[in-house]
file work_23.pdb (PDB, C-alpha atoms, pLDDT in the B column)
ATOM      1  CA  MET V 292       0.000   0.000   0.000  1.00 87.00           C
ATOM      2  CA  LYS V 293       1.279   3.443  -0.877  1.00 89.00           C
ATOM      3  CA  ILE V 294       0.118   6.625   0.786  1.00 91.00           C
ATOM      4  CA  SER V 295       1.275   9.728  -0.968  1.00 91.00           C
ATOM      5  CA  VAL V 296       0.814  13.193   0.507  1.00 91.00           C
ATOM      6  CA  LYS V 297       1.688  16.370  -1.327  1.00 87.00           C
ATOM      7  CA  GLU V 298       1.287  19.775   0.208  1.00 86.00           C
ATOM      8  CA  LYS V 299       1.339  22.694  -2.173  1.00 80.00           C
ATOM      9  CA  GLY V 300       4.842  24.050  -2.507  1.00 78.00           C
ATOM     10  CA  ARG V 301       6.352  21.190  -0.511  1.00 82.00           C
ATOM     11  CA  ARG V 302       7.981  17.929  -1.375  1.00 84.00           C
ATOM     12  CA  ARG V 303       5.768  14.857  -1.815  1.00 86.00           C
ATOM     13  CA  ILE V 304       5.872  12.410   1.081  1.00 91.00           C
ATOM     14  CA  THR V 305       5.296   8.786   0.159  1.00 91.00           C
ATOM     15  CA  ILE V 306       4.737   6.116   2.758  1.00 91.00           C
ATOM     16  CA  LEU V 307       5.159   2.575   1.542  1.00 91.00           C
ATOM     17  CA  LEU V 308       3.503  -0.086   3.654  1.00 88.00           C
ATOM     18  CA  PRO V 309       3.639  -3.762   2.738  1.00 88.00           C
ATOM     19  CA  SER V 310      -0.044  -4.628   2.339  1.00 86.00           C
ATOM     20  CA  ILE V 311       0.379  -8.089   3.806  1.00 86.00           C
ATOM     21  CA  LEU V 312       1.549  -6.499   7.058  1.00 86.00           C
ATOM     22  CA  ILE V 313      -1.734  -4.580   7.339  1.00 85.00           C
ATOM     23  CA  PHE V 314      -4.235  -6.929   5.782  1.00 86.00           C
ATOM     24  CA  ASN V 315      -3.488 -10.275   7.394  1.00 86.00           C
ATOM     25  CA  PRO V 316      -5.511 -12.563   9.700  1.00 85.00           C
ATOM     26  CA  LEU V 317      -3.374 -11.804  12.761  1.00 87.00           C
ATOM     27  CA  VAL V 318      -3.827  -8.048  12.449  1.00 86.00           C
ATOM     28  CA  ALA V 319      -7.541  -8.602  11.735  1.00 84.00           C
ATOM     29  CA  ALA V 320      -7.895 -10.549  14.985  1.00 84.00           C
ATOM     30  CA  CYS V 321      -5.965  -7.961  17.017  1.00 86.00           C
ATOM     31  CA  ALA V 322      -7.505  -4.899  15.406  1.00 85.00           C
ATOM     32  CA  ALA V 323     -11.165  -5.902  15.645  1.00 84.00           C
ATOM     33  CA  GLY V 324     -11.452  -4.799  19.276  1.00 85.00           C
ATOM     34  CA  ILE V 325      -9.758  -1.444  18.677  1.00 86.00           C
ATOM     35  CA  ILE V 326     -11.825  -0.755  15.568  1.00 83.00           C
ATOM     36  CA  ASN V 327     -15.064  -1.579  17.408  1.00 84.00           C
ATOM     37  CA  THR V 328     -14.155   0.776  20.261  1.00 85.00           C
ATOM     38  CA  ARG V 329     -13.450   3.606  17.808  1.00 82.00           C
ATOM     39  CA  LEU V 330     -16.592   2.925  15.770  1.00 78.00           C
ATOM     40  CA  ARG V 331     -18.745   2.925  18.911  1.00 79.00           C
ATOM     41  CA  GLU V 332     -17.109   6.151  20.161  1.00 80.00           C
ATOM     42  CA  ASN V 333     -17.865   7.882  16.876  1.00 74.00           C
ATOM     43  CA  GLY V 334     -21.314   6.318  16.498  1.00 71.00           C
ATOM     44  CA  ILE V 335     -20.463   4.966  13.063  1.00 68.00           C
ATOM     45  CA  LEU V 336     -21.702   1.408  13.367  1.00 66.00           C
ATOM     46  CA  ASP V 337     -24.388   0.106  15.658  1.00 69.00           C
ATOM     47  CA  ARG V 338     -23.002  -3.432  15.806  1.00 74.00           C
ATOM     48  CA  ASP V 339     -19.546  -4.888  16.315  1.00 79.00           C
ATOM     49  CA  ILE V 340     -17.289  -6.123  13.562  1.00 81.00           C
ATOM     50  CA  THR V 341     -16.096  -9.638  14.245  1.00 85.00           C
ATOM     51  CA  PRO V 342     -12.481 -10.715  13.560  1.00 86.00           C
ATOM     52  CA  GLN V 343     -13.907 -13.131  10.966  1.00 87.00           C
ATOM     53  CA  GLN V 344     -15.597 -10.279   9.089  1.00 85.00           C
ATOM     54  CA  LEU V 345     -12.395  -8.248   9.229  1.00 86.00           C
ATOM     55  CA  ARG V 346     -10.413 -11.229   7.940  1.00 88.00           C
ATOM     56  CA  ARG V 347     -12.836 -11.486   5.046  1.00 86.00           C
ATOM     57  CA  LEU V 348     -12.333  -7.784   4.247  1.00 85.00           C
ATOM     58  CA  CYS V 349      -8.549  -8.317   4.331  1.00 88.00           C
ATOM     59  CA  ARG V 350      -8.876 -11.292   1.975  1.00 87.00           C
ATOM     60  CA  ILE V 351     -10.985  -9.261  -0.466  1.00 86.00           C
ATOM     61  CA  ILE V 352      -8.502  -6.386  -0.409  1.00 86.00           C
ATOM     62  CA  MET V 353      -5.496  -8.659  -0.938  1.00 88.00           C
ATOM     63  CA  ARG V 354      -7.252 -10.548  -3.758  1.00 86.00           C
ATOM     64  CA  TYR V 355      -8.104  -7.243  -5.429  1.00 85.00           C
ATOM     65  CA  LYS V 356      -4.552  -5.983  -4.973  1.00 86.00           C
ATOM     66  CA  ARG V 357      -3.135  -9.058  -6.688  1.00 86.00           C
ATOM     67  CA  LYS V 358      -5.489  -8.547  -9.620  1.00 83.00           C
ATOM     68  CA  HIS V 359      -5.118  -4.780  -9.791  1.00 82.00           C
ATOM     69  CA  PRO V 360      -1.723  -3.713  -8.496  1.00 80.00           C
ATOM     70  CA  ASP V 361      -1.372   0.066  -8.071  1.00 79.00           C
ATOM     71  CA  TRP V 362      -5.129   0.506  -7.752  1.00 83.00           C
ATOM     72  CA  ASN V 363      -5.970   4.057  -6.632  1.00 84.00           C
ATOM     73  CA  LEU V 364      -8.367   3.553  -3.749  1.00 87.00           C
ATOM     74  CA  VAL V 365      -8.759   7.176  -2.688  1.00 88.00           C
ATOM     75  CA  GLU V 366      -7.611  10.411  -4.285  1.00 88.00           C
ATOM     76  CA  VAL V 367      -8.162  13.739  -2.601  1.00 89.00           C
ATOM     77  CA  LYS V 368      -7.245  17.081  -4.126  1.00 87.00           C
ATOM     78  CA  SER V 369      -7.917  20.149  -2.062  1.00 88.00           C
ATOM     79  CA  GLN V 370      -8.728  23.556  -3.378  1.00 86.00           C
ATOM     80  CA  GLU V 371      -5.324  24.778  -2.098  1.00 86.00           C
ATOM     81  CA  GLY V 372      -3.536  22.219  -4.238  1.00 84.00           C
ATOM     82  CA  ASP V 373      -2.781  19.596  -1.583  1.00 89.00           C
ATOM     83  CA  GLU V 374      -3.045  16.016  -2.710  1.00 89.00           C
ATOM     84  CA  VAL V 375      -3.482  12.709  -0.942  1.00 91.00           C
ATOM     85  CA  VAL V 376      -3.496   9.425  -2.826  1.00 90.00           C
ATOM     86  CA  ILE V 377      -3.966   6.023  -1.232  1.00 90.00           C
ATOM     87  CA  ARG V 378      -2.935   3.283  -3.576  1.00 88.00           C
ATOM     88  CA  LEU V 379      -3.346  -0.438  -2.957  1.00 84.00           C
TER      89      LEU V 379
ATOM     90  CA  MET D 277     -14.653  18.280 -37.034  1.00 54.00           C
ATOM     91  CA  SER D 278     -14.548  14.832 -35.498  1.00 68.00           C
ATOM     92  CA  LYS D 279     -11.972  14.067 -32.843  1.00 79.00           C
ATOM     93  CA  THR D 280      -8.956  11.934 -33.580  1.00 86.00           C
ATOM     94  CA  LEU D 281      -8.249   8.631 -31.859  1.00 88.00           C
ATOM     95  CA  GLY D 282      -5.385  10.270 -29.970  1.00 90.00           C
ATOM     96  CA  THR D 283      -7.605  13.051 -28.649  1.00 90.00           C
ATOM     97  CA  ARG D 284     -10.184  10.510 -27.517  1.00 89.00           C
ATOM     98  CA  ILE D 285      -7.578   8.386 -25.740  1.00 91.00           C
ATOM     99  CA  ALA D 286      -6.254  11.491 -23.963  1.00 90.00           C
ATOM    100  CA  GLU D 287      -9.759  12.649 -22.983  1.00 87.00           C
ATOM    101  CA  TYR D 288     -10.895   9.283 -21.643  1.00 86.00           C
ATOM    102  CA  ARG D 289      -7.587   8.838 -19.815  1.00 87.00           C
ATOM    103  CA  ARG D 290      -7.885  12.234 -18.122  1.00 84.00           C
ATOM    104  CA  ALA D 291     -11.526  11.596 -17.256  1.00 78.00           C
ATOM    105  CA  LYS D 292     -10.418   8.405 -15.521  1.00 77.00           C
ATOM    106  CA  GLY D 293      -7.712  10.285 -13.653  1.00 74.00           C
ATOM    107  CA  ILE D 294      -4.964   8.047 -15.058  1.00 81.00           C
ATOM    108  CA  THR D 295      -1.557   9.418 -16.003  1.00 84.00           C
ATOM    109  CA  GLN D 296       0.218   8.495 -19.236  1.00 89.00           C
ATOM    110  CA  GLU D 297       2.766   6.574 -17.169  1.00 88.00           C
ATOM    111  CA  GLU D 298       0.067   4.559 -15.387  1.00 86.00           C
ATOM    112  CA  LEU D 299      -1.681   3.741 -18.649  1.00 89.00           C
ATOM    113  CA  ALA D 300       1.633   2.715 -20.207  1.00 90.00           C
ATOM    114  CA  GLU D 301       2.431   0.482 -17.230  1.00 88.00           C
ATOM    115  CA  ARG D 302      -0.946  -1.235 -17.364  1.00 87.00           C
ATOM    116  CA  LEU D 303      -0.572  -1.872 -21.092  1.00 89.00           C
ATOM    117  CA  ASN D 304       3.092  -2.908 -20.873  1.00 90.00           C
ATOM    118  CA  VAL D 305       4.197  -0.203 -23.284  1.00 91.00           C
ATOM    119  CA  SER D 306       6.433   2.805 -22.791  1.00 92.00           C
ATOM    120  CA  PRO D 307       5.016   6.200 -21.695  1.00 90.00           C
ATOM    121  CA  GLN D 308       6.471   7.593 -24.934  1.00 93.00           C
ATOM    122  CA  ALA D 309       4.240   5.214 -26.900  1.00 92.00           C
ATOM    123  CA  VAL D 310       1.150   6.524 -25.082  1.00 92.00           C
ATOM    124  CA  SER D 311       2.299  10.086 -25.751  1.00 92.00           C
ATOM    125  CA  LYS D 312       2.682   9.281 -29.462  1.00 92.00           C
ATOM    126  CA  TRP D 313      -0.840   7.816 -29.600  1.00 92.00           C
ATOM    127  CA  GLU D 314      -2.295  10.878 -27.935  1.00 92.00           C
ATOM    128  CA  ASN D 315      -0.457  13.215 -30.302  1.00 91.00           C
ATOM    129  CA  ASP D 316      -1.596  11.162 -33.304  1.00 89.00           C
ATOM    130  CA  VAL D 317       1.956  10.335 -34.287  1.00 91.00           C
ATOM    131  CA  CYS D 318       0.983   6.666 -34.382  1.00 90.00           C
ATOM    132  CA  CYS D 319      -1.867   4.366 -33.332  1.00 90.00           C
ATOM    133  CA  PRO D 320      -1.981   1.673 -30.658  1.00 91.00           C
ATOM    134  CA  ASP D 321      -1.495  -1.896 -31.784  1.00 90.00           C
ATOM    135  CA  ILE D 322      -4.803  -3.558 -32.647  1.00 90.00           C
ATOM    136  CA  MET D 323      -4.136  -6.273 -30.045  1.00 89.00           C
ATOM    137  CA  LEU D 324      -3.979  -3.611 -27.339  1.00 90.00           C
ATOM    138  CA  LEU D 325      -7.382  -2.125 -28.140  1.00 90.00           C
ATOM    139  CA  PRO D 326      -9.541  -4.427 -25.949  1.00 87.00           C
ATOM    140  CA  LYS D 327      -7.312  -3.815 -22.895  1.00 88.00           C
ATOM    141  CA  LEU D 328      -7.053  -0.089 -23.662  1.00 90.00           C
ATOM    142  CA  ALA D 329     -10.832   0.224 -23.969  1.00 87.00           C
ATOM    143  CA  GLU D 330     -11.301  -1.732 -20.738  1.00 82.00           C
ATOM    144  CA  ILE D 331      -8.885   0.496 -18.830  1.00 85.00           C
ATOM    145  CA  LEU D 332     -10.508   3.633 -20.206  1.00 85.00           C
ATOM    146  CA  GLY D 333     -13.955   2.262 -19.353  1.00 77.00           C
ATOM    147  CA  VAL D 334     -15.394   2.547 -22.870  1.00 80.00           C
ATOM    148  CA  SER D 335     -16.191   0.110 -25.641  1.00 79.00           C
ATOM    149  CA  ILE D 336     -13.815  -0.341 -28.571  1.00 84.00           C
ATOM    150  CA  ASP D 337     -16.542   1.158 -30.785  1.00 81.00           C
ATOM    151  CA  THR D 338     -16.654   4.309 -28.678  1.00 81.00           C
ATOM    152  CA  LEU D 339     -12.880   4.550 -28.639  1.00 84.00           C
ATOM    153  CA  LEU D 340     -12.588   4.237 -32.409  1.00 85.00           C
ATOM    154  CA  THR D 341     -15.693   6.018 -33.635  1.00 81.00           C
ATOM    155  CA  ASP D 342     -16.551   8.489 -30.887  1.00 69.00           C
ATOM    156  CA  LYS D 343     -20.136   7.230 -30.818  1.00 68.00           C
ATOM    157  CA  ALA D 344     -21.056   8.459 -27.377  1.00 64.00           C
ATOM    158  CA  GLU D 345     -22.540   5.845 -25.097  1.00 63.00           C
ATOM    159  CA  PRO D 346     -25.364   6.811 -22.766  1.00 65.00           C
ATOM    160  CA  GLU D 347     -24.066   7.565 -19.288  1.00 71.00           C
ATOM    161  CA  THR D 348     -26.304   4.919 -17.761  1.00 75.00           C
ATOM    162  CA  ARG D 349     -27.047   1.606 -19.392  1.00 76.00           C
ATOM    163  CA  VAL D 350     -28.717  -1.647 -18.525  1.00 79.00           C
ATOM    164  CA  LEU D 351     -26.575  -4.444 -19.821  1.00 77.00           C
ATOM    165  CA  PRO D 352     -28.128  -7.680 -21.088  1.00 77.00           C
ATOM    166  CA  GLU D 353     -27.317 -10.720 -18.979  1.00 78.00           C
ATOM    167  CA  GLU D 354     -24.685 -12.088 -21.379  1.00 77.00           C
ATOM    168  CA  LYS D 355     -22.746  -8.817 -21.326  1.00 75.00           C
ATOM    169  CA  ARG D 356     -22.773  -8.345 -17.575  1.00 78.00           C
ATOM    170  CA  LYS D 357     -19.525  -8.627 -15.676  1.00 79.00           C
ATOM    171  CA  ASN D 358     -19.139 -10.552 -12.470  1.00 81.00           C
ATOM    172  CA  ILE D 359     -20.216  -8.089  -9.787  1.00 81.00           C
ATOM    173  CA  ASP D 360     -17.064  -8.827  -7.773  1.00 81.00           C
ATOM    174  CA  GLU D 361     -14.986  -7.564 -10.703  1.00 81.00           C
ATOM    175  CA  MET D 362     -16.787  -4.224 -10.819  1.00 85.00           C
ATOM    176  CA  THR D 363     -15.917  -0.932  -9.180  1.00 85.00           C
ATOM    177  CA  LEU D 364     -18.048   1.572  -7.363  1.00 86.00           C
ATOM    178  CA  ARG D 365     -16.706   5.017  -8.139  1.00 86.00           C
ATOM    179  CA  ILE D 366     -17.708   7.926  -5.927  1.00 85.00           C
ATOM    180  CA  ILE D 367     -16.683  11.375  -7.071  1.00 84.00           C
ATOM    181  CA  VAL D 368     -17.284  14.318  -4.761  1.00 84.00           C
ATOM    182  CA  ASN D 369     -16.612  17.824  -6.038  1.00 84.00           C
ATOM    183  CA  SER D 370     -17.208  20.185  -3.160  1.00 83.00           C
ATOM    184  CA  GLY D 371     -18.492  23.693  -3.570  1.00 81.00           C
ATOM    185  CA  GLU D 372     -15.180  24.991  -2.188  1.00 83.00           C
ATOM    186  CA  GLY D 373     -13.212  23.259  -4.914  1.00 83.00           C
ATOM    187  CA  ASP D 374     -12.030  20.128  -3.103  1.00 86.00           C
ATOM    188  CA  LYS D 375     -12.172  16.904  -5.073  1.00 85.00           C
ATOM    189  CA  VAL D 376     -12.498  13.432  -3.616  1.00 86.00           C
ATOM    190  CA  ARG D 377     -12.433  10.305  -5.699  1.00 86.00           C
ATOM    191  CA  VAL D 378     -13.070   6.907  -4.135  1.00 86.00           C
ATOM    192  CA  ASN D 379     -12.688   3.752  -6.203  1.00 86.00           C
ATOM    193  CA  LEU D 380     -14.109   0.834  -4.282  1.00 86.00           C
ATOM    194  CA  PRO D 381     -14.099  -2.755  -5.460  1.00 86.00           C
ATOM    195  CA  MET D 382     -17.711  -3.964  -5.497  1.00 86.00           C
ATOM    196  CA  ALA D 383     -16.690  -7.026  -3.480  1.00 84.00           C
ATOM    197  CA  LEU D 384     -15.532  -4.681  -0.730  1.00 84.00           C
ATOM    198  CA  VAL D 385     -18.790  -2.719  -0.903  1.00 84.00           C
ATOM    199  CA  LYS D 386     -20.744  -5.961  -0.505  1.00 84.00           C
ATOM    200  CA  ALA D 387     -18.653  -6.934   2.495  1.00 81.00           C
ATOM    201  CA  GLY D 388     -19.066  -3.433   3.974  1.00 80.00           C
ATOM    202  CA  LEU D 389     -22.804  -3.720   3.562  1.00 80.00           C
ATOM    203  CA  GLU D 390     -22.799  -6.935   5.554  1.00 78.00           C
ATOM    204  CA  LEU D 391     -20.999  -5.033   8.310  1.00 75.00           C
ATOM    205  CA  GLY D 392     -23.806  -2.483   8.306  1.00 72.00           C
ATOM    206  CA  MET D 393     -22.005   0.384   6.595  1.00 70.00           C
ATOM    207  CA  GLN D 394     -23.974   3.119   4.917  1.00 66.00           C
ATOM    208  CA  MET D 395     -23.138   5.617   2.194  1.00 60.00           C
ATOM    209  CA  PRO D 396     -21.979   8.619   4.287  1.00 57.00           C
ATOM    210  CA  GLN D 397     -19.479   6.306   6.030  1.00 55.00           C
ATOM    211  CA  VAL D 398     -18.140   5.318   2.613  1.00 53.00           C
ATOM    212  CA  SER D 399     -18.130   8.693   0.896  1.00 53.00           C
ATOM    213  CA  GLY D 400     -17.878  10.953   3.915  1.00 56.00           C
ATOM    214  CA  ASN D 401     -20.470  13.246   2.374  1.00 59.00           C
ATOM    215  CA  ASP D 402     -23.802  14.055   4.016  1.00 63.00           C
ATOM    216  CA  ALA D 403     -25.419  14.780   0.651  1.00 63.00           C
ATOM    217  CA  LEU D 404     -25.682  11.024   0.255  1.00 66.00           C
ATOM    218  CA  LYS D 405     -27.079  10.146   3.658  1.00 67.00           C
ATOM    219  CA  ASN D 406     -30.406   8.904   2.308  1.00 70.00           C
ATOM    220  CA  ILE D 407     -28.905   6.704  -0.338  1.00 74.00           C
ATOM    221  CA  ASP D 408     -29.244   3.006   0.261  1.00 77.00           C
ATOM    222  CA  ILE D 409     -26.212   1.014  -0.907  1.00 79.00           C
ATOM    223  CA  LYS D 410     -28.372  -2.113  -0.984  1.00 81.00           C
ATOM    224  CA  LYS D 411     -30.518  -0.541  -3.694  1.00 82.00           C
ATOM    225  CA  ILE D 412     -27.412   0.355  -5.690  1.00 82.00           C
ATOM    226  CA  LEU D 413     -26.235  -3.233  -5.411  1.00 83.00           C
ATOM    227  CA  GLU D 414     -29.637  -4.479  -6.551  1.00 84.00           C
ATOM    228  CA  LEU D 415     -29.489  -2.160  -9.562  1.00 84.00           C
ATOM    229  CA  VAL D 416     -26.029  -3.442 -10.459  1.00 84.00           C
ATOM    230  CA  GLU D 417     -27.168  -7.043 -10.094  1.00 83.00           C
ATOM    231  CA  ARG D 418     -29.940  -6.266 -12.568  1.00 84.00           C
ATOM    232  CA  GLY D 419     -27.395  -4.973 -15.065  1.00 82.00           C
ATOM    233  CA  ALA D 420     -27.264  -1.227 -14.377  1.00 83.00           C
ATOM    234  CA  TYR D 421     -23.934   0.173 -15.489  1.00 82.00           C
ATOM    235  CA  GLY D 422     -22.428   3.639 -15.665  1.00 82.00           C
ATOM    236  CA  LYS D 423     -23.538   6.692 -13.759  1.00 82.00           C
ATOM    237  CA  LEU D 424     -26.248   5.722 -11.293  1.00 84.00           C
ATOM    238  CA  ILE D 425     -26.583   8.736  -9.036  1.00 82.00           C
ATOM    239  CA  GLU D 426     -25.832  12.415  -9.341  1.00 81.00           C
ATOM    240  CA  VAL D 427     -26.582  14.635  -6.359  1.00 81.00           C
ATOM    241  CA  GLU D 428     -26.105  18.363  -6.034  1.00 82.00           C
ATOM    242  CA  SER D 429     -26.404  19.597  -2.483  1.00 79.00           C
ATOM    243  CA  ALA D 430     -27.480  23.042  -1.317  1.00 79.00           C
ATOM    244  CA  ASP D 431     -23.835  23.803  -0.424  1.00 79.00           C
ATOM    245  CA  GLY D 432     -22.851  23.280  -4.034  1.00 80.00           C
ATOM    246  CA  ASP D 433     -21.307  19.854  -3.530  1.00 82.00           C
ATOM    247  CA  ILE D 434     -21.739  17.574  -6.522  1.00 83.00           C
ATOM    248  CA  VAL D 435     -21.577  13.836  -5.933  1.00 83.00           C
ATOM    249  CA  ASP D 436     -21.543  11.252  -8.702  1.00 83.00           C
ATOM    250  CA  ILE D 437     -21.803   7.540  -8.111  1.00 85.00           C
ATOM    251  CA  SER D 438     -21.071   5.254 -10.984  1.00 85.00           C
ATOM    252  CA  VAL D 439     -20.423   1.572 -11.464  1.00 86.00           C
ATOM    253  CA  GLU D 440     -17.818   0.351 -13.916  1.00 81.00           C
TER     254      GLU D 440
END
call {"tool": "encode", "arguments": {"input": "work_23.pdb", "output": "structure tokens"}}
result
Amino acid sequence: MKISVKEKGRRRITILLPSILIFNPLVAACAAGIINTRLRENGILDRDITPQQLRRLCRIIMRYKRKHPDWNLVEVKSQEGDEVVIRL
Amino acid sequence: MSKTLGTRIAEYRRAKGITQEELAERLNVSPQAVSKWENDVCCPDIMLLPKLAEILGVSIDTLLTDKAEPETRVLPEEKRKNIDEMTLRIIVNSGEGDKVRVNLPMALVKAGLELGMQMPQVSGNDALKNIDIKKILELVERGAYGKLIEVESADGDIVDISVE
């Protein structure tokens, strides 16, 4: 996964994260609790996400990444010229 | 005057938000080759046309003849893609000039739906708070393709949702 941040007039910062380190069953199991706490705090979801569901999401993302490497998941361009790109 | 193939490639590429380098990489050609196509110095190899059209999200007919396709179509069953291979594209152009583009694999949207996610959590925009993702999924399963929703909020935000 590649997160690229560019502020207008500044150098682009690119953070490279190995996707398998983020989207793997172990992280899914550990992160489920933290994600649920945050989601409840912000009132985003009314039910908990189970580690199994999170594992499934990870599997889908990794499968998609293998099929479409360098897939631009999110691109944000602000009016001031700042740019954020999250690439799978 | 009708547009040239090069102009059409450049327009569709820009509309997709793809750079010449990205397009070249996906087609296994050099960025210079893409530049030559777009400047009408030469044409893409005929064997590359299906992949090029797929990447640009148009049919080969549209790419070669500029026959505009309707923005929204209902595809017959034999032409429908596997829903898990499709992409939900959300484009938000805010009134202040910010642009957000989210390209979500449909498989991920389906999984998110099972988790109970709703549109504002996906797009981050309140203009879409009454939109039911389930209905969008149903439309796609019935063959809807292209631009499905266009919302303009009172603040001047424009949100497009399309399926490709």
call {"tool": "interface_residues", "arguments": {"input": "work_23.pdb", "of": "chain D", "to": "chain V", "cutoff": "12 Å", "atoms": "all atoms listed in the file", "output": "number ranges by chain"}}
result
D: 292-295, 297-299, 301-302, 331, 360-400
call {"tool": "resolve_selection", "arguments": {"input": "work_23.pdb", "expression": "the PyMOL selection byres ((chain D and resi 281) around 9)", "output": "list in words"}}
result
Lys279, Thr280, Gly282, Thr283, Arg284, Ile285, Ala286, Trp313, Glu314, Asp316, Cys319, Leu339, Leu340, Thr341 and Asp342 of chain D
call {"tool": "resolve_selection", "arguments": {"input": "work_23.pdb", "expression": "the PyMOL selection byres ((chain V and resi 314-318) around 8)", "output": "MDAnalysis selection string"}}
result
chainID V and resid 310:313 319:322 346 349:350 352:353
call {"tool": "axis_aligned_box", "arguments": {"input": "work_23.pdb", "around": "region 325-336 of chain D", "padding_each_side": "8 Å", "output": "AutoDock Vina command-line options"}}
result
--center_x -11.6 --center_y -0.4 --center_z -23.7 --size_x 25.1 --size_y 24.1 --size_z 25.7
